[in-house]
Structure formats: structure tokens, C-alpha cells
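Participant: I'd like to ask some things about the structure below.
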Amino acid sequence: MRLNDLDERIVHALAEDARRSYADIGAQVGLSAPAVKRRVDRLLAAGAITGFTVRVDPAALGWETEALVELYCRHNTSPEDIRRGLSRYPEVASASTVTGEADAIVQVFASDVRHFERVLERIAGEQFVERTKSVLVLSPLLRRYTSGSPT
């Protein structure tokens with residue numbers, strides 16, 4: 001489903017603050033609260049909005065170390081094999097298949113460097129992993145949870 005301009009403005013308002021009232025969003029986009037609710041319900045039903053969540057600073061949960069890990073997989077490893085294998089690790093925040101030499105990039109949060117090392121060793125020991133290459137994040141410079149239209 002491709003969002004029209006009005007739906008996109010509603011989605012951006014919710015992405016900035018999912019706790020905003022429909023009346024507040026309606027005032028911003030020029031609709032009544034019931035009209036905004038109807039549009040949000042339609043976007044949910046169509047799968048354009050997949051849920052509402054809270055963003056938490058990982059450090060508040062004890063995750064002081066962040067790393068990005070390149071995974072180089074054995075031949076004939078499917079994306080589903082990678083997803084299934086990594087889903088067992090609570091430290092894995094995200095994983096994506098990528099272009100280039102690596103097969104996937106994995107974002108890992110850990111309590112400290114030693115914890116990260118243990119997680120990395122376990123991931124590297126997965127059947128489908130041939131090798132890994134990792135970097136520790138020193139300072140996150142930009143985390144964007146909303147963005148404009150790609151056009």
C-alpha cells in the first residue's frame with residue numbers, strides 16, 4: 001500500500017509520538033479526530049502501520065555496548081536460516097541481508113565488551129556462519145525513527 005500525502009503526515013506524527021491524541025494529530029493535518037482514527041484503523045488493517053511501540057535507551061536496560069557484525073555465511077544459506085539462527089539471541093536488535101561481500105549485517109547490544117565477545121563467539125559458532133567481522137560503536141551519531149518520503 002502506498003500512502004497518500006495525508007496518510008503520510010498522520011504516520012509521521014505517530015512516528016514522532018505514538019501517544020499523541022487523534023485530536024492533536026487532526027489539528028496538525030486538518031482533519032477531525034474521528035477522521036484521523038478511521039485513517040489509522042485503515043492503515044493498520046492494510047498493514048501500512050504494523051504496530052505502536054516505545055523507544056527505550058538501551059543503556060537504561062543495561063545494554064552499554066553496541067556492535068555491528070558482518071556475517072559471512074556458508075554456501076546455500078538462506079535468509080530464513082539466518083533469521084531463524086539469530087532470533088535465538090536476545091542481544092540481536094536487528095539483522096538484514098546486504099549487498100557486497102558480507103551476507104548479512106547484525107546489530108548487537110551487550111552489557112559490556114566481554115558480554116559482546118561471548119555473544120560473538122556463539123554467533124560465529126552457528127552452523128551457517130563461515131566467519132564474522134565486527135566493529136564496536138563508539139558514539140551513535142544519528143538515529144532516525146521517522147523520515148520523509150523517498151521522493
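The chains in the C-alpha cells are called A, B, ... from first to last as shown; in each chain the residues are counted from 1, and the ligands are counted from 1 in the order shown.
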When you look at segment 123-131 of chain A with a cut-off of 12 Å (counting only C-alpha atoms), what residues show up, excluding the ones that are within fewer than 5 positions of it in the same chain? I need them as a ChimeraX atom specification.
Facilitator: /A:69-92,101-104,106,108,116-118
Participant: Show me, as an MDAnalysis selection string, the residues that have an atom within 7 Å of segment 21-27 of chain A when counting only C-alpha atoms, minus same-chain residues fewer than 5 positions from it.
Facilitator: chainID A and resid 10 13 32:33 36:37
Participant: Give me a file of those residues, with N, CA and C atoms, as a PDB file, in the first residue's frame.
Facilitator:
ATOM      1  N   ILE A  10      -0.001  11.775   8.801  1.00  0.00           N
ATOM      2  CA  ILE A  10      -0.512  11.131  10.020  1.00  0.00           C
ATOM      3  C   ILE A  10       0.514  10.122  10.545  1.00  0.00           C
ATOM      4  N   ALA A  13       3.392  11.892  12.193  1.00  0.00           N
ATOM      5  CA  ALA A  13       3.003  12.411  13.511  1.00  0.00           C
ATOM      6  C   ALA A  13       3.013  11.289  14.549  1.00  0.00           C
ATOM      7  N   SER A  32     -10.733  15.972  11.506  1.00  0.00           N
ATOM      8  CA  SER A  32     -11.327  15.746  12.824  1.00  0.00           C
ATOM      9  C   SER A  32     -10.674  14.511  13.450  1.00  0.00           C
ATOM     10  N   ALA A  33     -10.815  14.393  14.765  1.00  0.00           N
ATOM     11  CA  ALA A  33     -10.276  13.212  15.460  1.00  0.00           C
ATOM     12  C   ALA A  33     -10.877  11.918  14.918  1.00  0.00           C
ATOM     13  N   VAL A  36      -9.205  11.019  11.633  1.00  0.00           N
ATOM     14  CA  VAL A  36      -7.850  10.500  11.831  1.00  0.00           C
ATOM     15  C   VAL A  36      -7.920   9.058  12.300  1.00  0.00           C
ATOM     16  N   LYS A  37      -8.824   8.768  13.241  1.00  0.00           N
ATOM     17  CA  LYS A  37      -8.966   7.399  13.739  1.00  0.00           C
ATOM     18  C   LYS A  37      -9.333   6.437  12.619  1.00  0.00           C
TER      19      LYS A  37
END
Participant: Quick one: pull the distance between atom CA of Ser94 of chain A and atom CA of Arg20 of chain A, Å, one decimal.
Facilitator: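 Going from atom CA of Ser94 of chain A over to atom CA of Arg20 of chain A, I get 26.8 Å.
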Participant: Give me the residues near Asp41 of chain A as a ChimeraX atom specification, where near means some atom within 12 Å (using only C-alpha atoms) and where sequence neighbours in that chain fewer than 3 positions away do not count.
Facilitator: /A:7,10-11,22,34-38,44-51
Participant: Considering only C-alpha atoms, state which residue in the set A:Ala18, A:Thr97, A:Arg42, A:Ser111 is at the smallest distance from Ala60 of chain A.
Facilitator: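 Smallest distance to Ala60 of chain A is found for A:Ser111.
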Participant: Mind pulling up the distance from atom CA of Arg143 of chain A to atom CA of Arg9 of chain A?
Facilitator: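 For atom CA of Arg9 of chain A relative to atom CA of Arg143 of chain A, the distance reads 19.9 Å.
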Participant: Find the distance between atom CA of Met1 of chain A and atom CA of Ala95 of chain A and write it in Å to one decimal.
Facilitator: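 Atom CA of Ala95 of chain A lies at a distance of 24.1 Å from atom CA of Met1 of chain A.
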